[in-house]
Amino acid sequence: MSPRHISAALLDDDEDFPMVGVAAPDLNFGVDHPPETLLQQLVRHWLNERHAPDILPVQAEVLGALLDHIRRQTDTVQALRGDPDTSEAEHARIMLVQTEVERVKFVVRSYIRTRLYKALQIEKFARYIVATSEVQEKLSQAELDHARRFAQLTENHFQASVLQSLPPHQQGLEDNTPFTPPMISGPDKSRAVFVHARDECPPVRLPDGTTMQMQKGQIVLTPYAVVEQLLAMGSVELI
Amino acid sequence: MALPVSLRNSVTPPELELIASEELVEIIPLISMERTAFISGAYGPLRPPNKAKIPLWMAINLKMKKKCHIVPPNWLSVDFLQDRLALETSRQEFSQFPFRFTEIAKLLLDVAPDDIQNSERIRSLLKDIREVRQAKSREGLQKIDHSELSLPNLCSMEINEIRPFFVRAMGVLTQLTRDPVADSQFDV
């Protein structure tokens, strides 16, 4: 690719840069949601993941598309920087593109780290993930491998340090004694979350038996279990 | 490599600022730049002295290099904030503000006080508004129960501020009202 050609890649008239809904939210009072860009989608899923007590389905497509975009931008920048003909004005532009790449990388990293933390936390006592196939579907292969290895390590450690010295019937991790909390604990879905309705929502049942129908734009504090389905449908976001 | 402990229960104000910096703001550029493709969209061209709309982070970046003036949003003015403060003190409910106004106002006042008229007065108005709204949040705590609390017009930073206490309060109430029927229903 010639340097001129590379420089053109940063220009918007290139067909290789499909922009999903270029319109970004305004600083005005607009409550309407314009079509989301990939980055806005990732930010929404990142915040959902940060606030939800349970681990959410992995957003592999959004993540993959953004990582590709990061790679393309980085390649273009690299090529332009290596070119001695690059002008002063061009340098300012390159710097802005690089700044954005770093910002996006931060969100990607934080998103992945949040999921990793949850995979391990849920895993810690429980091997909940290995035990529940429904949870397994939400994880990417890498996350699942990581969780499994971690579960194996913890179990070996428990065995070696304590369990092997106990009487045989107390060596298991899964015993369910009545009136005591289970040793395999799942996420606390009754934890309250702040919910923002992105659309009109179908009615949901509240713990006190009444129903709640969220209007678009409404903000509510409610237990996670109440809005779990709505979150999966994308009608609400956690804030 | 998992998430650090300090970030596990809530997002932090700097993270909220990062998110708010994606929103668009108007600038008067002092340099020209071709239309450029960014990950979040295409922005430009910048042609001084024509105004242009770009993301806040980009505006801050250019402003720090003295390459643009930022046009503050219409709500970041003494007149508007004075009206809102009057409204806020006279009524019981929260008045409407842009969802991320605290973050945006802070960033703009930090980076571009010279582009904002009466920035000192705006600072103190924002502080007054914050105090009135904070008092209302605390009163709202009386209405909390174990199932639902509606919080119309609360803003991102305010929610983050009340989050730890409100979430705990609701958790305690949930434990107090927990019964076997609800347990099986909500699969706790």
# chains A, B, ... in the order shown; residues from 1 in each chain; ligands from 1
>>> residues_around(residues="stretch 65-73 of chain B", least_positions_apart="6", cutoff="12 Å", atoms="only C-alpha atoms", output="count of residues only")
53
>>> residues_around(residues="B:Gln175", least_positions_apart="4", cutoff="10 Å", atoms="only C-alpha atoms", output="compact mmCIF listing (two decimals) with C-alpha atoms, in the first residue's frame")
# COMPACT_ATOMS: atom_id res chain seq x y z
CA SER A 190 -31.74 -10.80 44.94
CA HIS B 146 -37.69 -4.78 49.28
CA MET B 170 -32.68 -3.10 49.87
CA GLY B 171 -30.65 -6.23 50.60
CA ASP B 179 -40.15 -16.39 52.84
>>> residues_around(residues="stretch 57-61 of chain A", least_positions_apart="4", cutoff="9 Å", atoms="only C-alpha atoms", output="list of chain:residue names")
A:Leu42, A:His45, A:Ala65, A:Leu66, A:Arg115, A:Val135, A:Glu137, A:Lys138, A:Leu139, A:Ser140, A:Ala232
>>> residues_around(residues="stretch 147-154 of chain B", least_positions_apart="3", cutoff="6 Å", atoms="only C-alpha atoms", output="ChimeraX atom specification")
/A:206-207,219-222 /B:94,96,144
>>> closest_residue(among="A:Leu144, A:Val43, A:Val77, A:Val227", to="chain B", atoms="only C-alpha atoms")
A:Val43
>>> closest_residue(among="A:Tyr111, A:Glu143, A:Ala151, A:Thr99", to="B:Leu62", atoms="only C-alpha atoms")
A:Thr99
>>> atom_distance(atom1="atom CA of A:Val97", atom2="atom CA of A:Asp83")
16.4 Å
>>> select_by_dssp(residues="chain B", states="strand (DSSP E or B)", output="ChimeraX atom specification")
/B:24-29,33,36-38,41-43,46,52-55,68-71,149-150
>>> decode(residues="stretch 102-137 of chain B", atoms="N, CA and C atoms", output="PDB file, in the first residue's frame")
ATOM      1  N   THR B 102     -23.151  15.950  35.439  1.00  0.00           N
ATOM      2  CA  THR B 102     -22.113  16.201  36.444  1.00  0.00           C
ATOM      3  C   THR B 102     -20.717  15.964  35.871  1.00  0.00           C
ATOM      4  N   GLU B 103     -20.583  14.815  35.190  1.00  0.00           N
ATOM      5  CA  GLU B 103     -19.276  14.471  34.631  1.00  0.00           C
ATOM      6  C   GLU B 103     -18.856  15.502  33.589  1.00  0.00           C
ATOM      7  N   ILE B 104     -19.802  15.820  32.690  1.00  0.00           N
ATOM      8  CA  ILE B 104     -19.483  16.737  31.593  1.00  0.00           C
ATOM      9  C   ILE B 104     -19.141  18.123  32.137  1.00  0.00           C
ATOM     10  N   ALA B 105     -19.936  18.590  33.108  1.00  0.00           N
ATOM     11  CA  ALA B 105     -19.676  19.904  33.691  1.00  0.00           C
ATOM     12  C   ALA B 105     -18.308  19.941  34.343  1.00  0.00           C
ATOM     13  N   LYS B 106     -17.956  18.879  35.061  1.00  0.00           N
ATOM     14  CA  LYS B 106     -16.666  18.859  35.739  1.00  0.00           C
ATOM     15  C   LYS B 106     -15.522  18.895  34.732  1.00  0.00           C
ATOM     16  N   LEU B 107     -15.625  18.048  33.697  1.00  0.00           N
ATOM     17  CA  LEU B 107     -14.565  18.004  32.697  1.00  0.00           C
ATOM     18  C   LEU B 107     -14.395  19.365  32.028  1.00  0.00           C
ATOM     19  N   LEU B 108     -15.526  19.978  31.655  1.00  0.00           N
ATOM     20  CA  LEU B 108     -15.441  21.257  30.951  1.00  0.00           C
ATOM     21  C   LEU B 108     -14.900  22.353  31.865  1.00  0.00           C
ATOM     22  N   LEU B 109     -15.353  22.368  33.116  1.00  0.00           N
ATOM     23  CA  LEU B 109     -14.883  23.411  34.027  1.00  0.00           C
ATOM     24  C   LEU B 109     -13.404  23.233  34.355  1.00  0.00           C
ATOM     25  N   ASP B 110     -12.937  21.993  34.362  1.00  0.00           N
ATOM     26  CA  ASP B 110     -11.516  21.748  34.630  1.00  0.00           C
ATOM     27  C   ASP B 110     -10.643  22.168  33.462  1.00  0.00           C
ATOM     28  N   VAL B 111     -11.087  21.827  32.253  1.00  0.00           N
ATOM     29  CA  VAL B 111     -10.213  21.983  31.091  1.00  0.00           C
ATOM     30  C   VAL B 111     -10.397  23.336  30.404  1.00  0.00           C
ATOM     31  N   ALA B 112     -11.652  23.804  30.374  1.00  0.00           N
ATOM     32  CA  ALA B 112     -11.920  24.994  29.566  1.00  0.00           C
ATOM     33  C   ALA B 112     -12.653  26.088  30.341  1.00  0.00           C
ATOM     34  N   PRO B 113     -12.174  26.454  31.535  1.00  0.00           N
ATOM     35  CA  PRO B 113     -12.893  27.504  32.267  1.00  0.00           C
ATOM     36  C   PRO B 113     -12.919  28.822  31.498  1.00  0.00           C
ATOM     37  N   ASP B 114     -11.899  29.045  30.651  1.00  0.00           N
ATOM     38  CA  ASP B 114     -11.835  30.306  29.896  1.00  0.00           C
ATOM     39  C   ASP B 114     -12.864  30.366  28.776  1.00  0.00           C
ATOM     40  N   ASP B 115     -13.417  29.211  28.392  1.00  0.00           N
ATOM     41  CA  ASP B 115     -14.442  29.207  27.344  1.00  0.00           C
ATOM     42  C   ASP B 115     -15.848  29.336  27.923  1.00  0.00           C
ATOM     43  N   ILE B 116     -15.956  29.265  29.245  1.00  0.00           N
ATOM     44  CA  ILE B 116     -17.270  29.301  29.876  1.00  0.00           C
ATOM     45  C   ILE B 116     -17.444  30.633  30.590  1.00  0.00           C
ATOM     46  N   GLN B 117     -18.528  31.328  30.253  1.00  0.00           N
ATOM     47  CA  GLN B 117     -18.770  32.618  30.912  1.00  0.00           C
ATOM     48  C   GLN B 117     -19.163  32.390  32.370  1.00  0.00           C
ATOM     49  N   ASN B 118     -18.612  33.207  33.248  1.00  0.00           N
ATOM     50  CA  ASN B 118     -18.942  33.133  34.670  1.00  0.00           C
ATOM     51  C   ASN B 118     -18.699  31.754  35.262  1.00  0.00           C
ATOM     52  N   SER B 119     -17.562  31.168  34.941  1.00  0.00           N
ATOM     53  CA  SER B 119     -17.352  29.786  35.366  1.00  0.00           C
ATOM     54  C   SER B 119     -17.407  29.631  36.890  1.00  0.00           C
ATOM     55  N   GLU B 120     -16.955  30.672  37.607  1.00  0.00           N
ATOM     56  CA  GLU B 120     -16.987  30.568  39.074  1.00  0.00           C
ATOM     57  C   GLU B 120     -18.419  30.497  39.595  1.00  0.00           C
ATOM     58  N   ARG B 121     -19.271  31.349  39.015  1.00  0.00           N
ATOM     59  CA  ARG B 121     -20.677  31.369  39.424  1.00  0.00           C
ATOM     60  C   ARG B 121     -21.341  30.022  39.080  1.00  0.00           C
ATOM     61  N   ILE B 122     -20.994  29.483  37.916  1.00  0.00           N
ATOM     62  CA  ILE B 122     -21.553  28.190  37.497  1.00  0.00           C
ATOM     63  C   ILE B 122     -21.133  27.092  38.456  1.00  0.00           C
ATOM     64  N   ARG B 123     -19.875  27.136  38.846  1.00  0.00           N
ATOM     65  CA  ARG B 123     -19.373  26.164  39.805  1.00  0.00           C
ATOM     66  C   ARG B 123     -20.212  26.164  41.080  1.00  0.00           C
ATOM     67  N   SER B 124     -20.481  27.359  41.602  1.00  0.00           N
ATOM     68  CA  SER B 124     -21.203  27.408  42.876  1.00  0.00           C
ATOM     69  C   SER B 124     -22.674  27.026  42.681  1.00  0.00           C
ATOM     70  N   LEU B 125     -23.250  27.379  41.518  1.00  0.00           N
ATOM     71  CA  LEU B 125     -24.630  26.947  41.245  1.00  0.00           C
ATOM     72  C   LEU B 125     -24.729  25.426  41.186  1.00  0.00           C
ATOM     73  N   LEU B 126     -23.760  24.816  40.511  1.00  0.00           N
ATOM     74  CA  LEU B 126     -23.765  23.353  40.403  1.00  0.00           C
ATOM     75  C   LEU B 126     -23.682  22.712  41.786  1.00  0.00           C
ATOM     76  N   LYS B 127     -22.883  23.346  42.639  1.00  0.00           N
ATOM     77  CA  LYS B 127     -22.717  22.825  43.992  1.00  0.00           C
ATOM     78  C   LYS B 127     -24.038  22.913  44.761  1.00  0.00           C
ATOM     79  N   ASP B 128     -24.717  24.070  44.619  1.00  0.00           N
ATOM     80  CA  ASP B 128     -26.008  24.244  45.292  1.00  0.00           C
ATOM     81  C   ASP B 128     -27.011  23.200  44.800  1.00  0.00           C
ATOM     82  N   ILE B 129     -27.068  23.035  43.488  1.00  0.00           N
ATOM     83  CA  ILE B 129     -28.011  22.064  42.913  1.00  0.00           C
ATOM     84  C   ILE B 129     -27.722  20.672  43.444  1.00  0.00           C
ATOM     85  N   ARG B 130     -26.433  20.357  43.492  1.00  0.00           N
ATOM     86  CA  ARG B 130     -26.031  19.048  43.995  1.00  0.00           C
ATOM     87  C   ARG B 130     -26.522  18.837  45.419  1.00  0.00           C
ATOM     88  N   GLU B 131     -26.397  19.881  46.244  1.00  0.00           N
ATOM     89  CA  GLU B 131     -26.809  19.727  47.644  1.00  0.00           C
ATOM     90  C   GLU B 131     -28.313  19.519  47.778  1.00  0.00           C
ATOM     91  N   VAL B 132     -29.082  20.288  47.015  1.00  0.00           N
ATOM     92  CA  VAL B 132     -30.536  20.130  47.077  1.00  0.00           C
ATOM     93  C   VAL B 132     -30.936  18.723  46.657  1.00  0.00           C
ATOM     94  N   ARG B 133     -30.318  18.263  45.569  1.00  0.00           N
ATOM     95  CA  ARG B 133     -30.678  16.941  45.055  1.00  0.00           C
ATOM     96  C   ARG B 133     -30.235  15.836  46.003  1.00  0.00           C
ATOM     97  N   GLN B 134     -29.075  16.038  46.626  1.00  0.00           N
ATOM     98  CA  GLN B 134     -28.593  15.051  47.585  1.00  0.00           C
ATOM     99  C   GLN B 134     -29.572  14.897  48.750  1.00  0.00           C
ATOM    100  N   ALA B 135     -30.084  16.026  49.230  1.00  0.00           N
ATOM    101  CA  ALA B 135     -31.048  15.988  50.327  1.00  0.00           C
ATOM    102  C   ALA B 135     -32.286  15.203  49.902  1.00  0.00           C
ATOM    103  N   LYS B 136     -32.691  15.394  48.641  1.00  0.00           N
ATOM    104  CA  LYS B 136     -33.864  14.662  48.154  1.00  0.00           C
ATOM    105  C   LYS B 136     -33.595  13.158  48.098  1.00  0.00           C
ATOM    106  N   SER B 137     -32.382  12.791  47.651  1.00  0.00           N
ATOM    107  CA  SER B 137     -32.044  11.362  47.609  1.00  0.00           C
ATOM    108  C   SER B 137     -32.175  10.751  48.987  1.00  0.00           C
TER     109      SER B 137
END
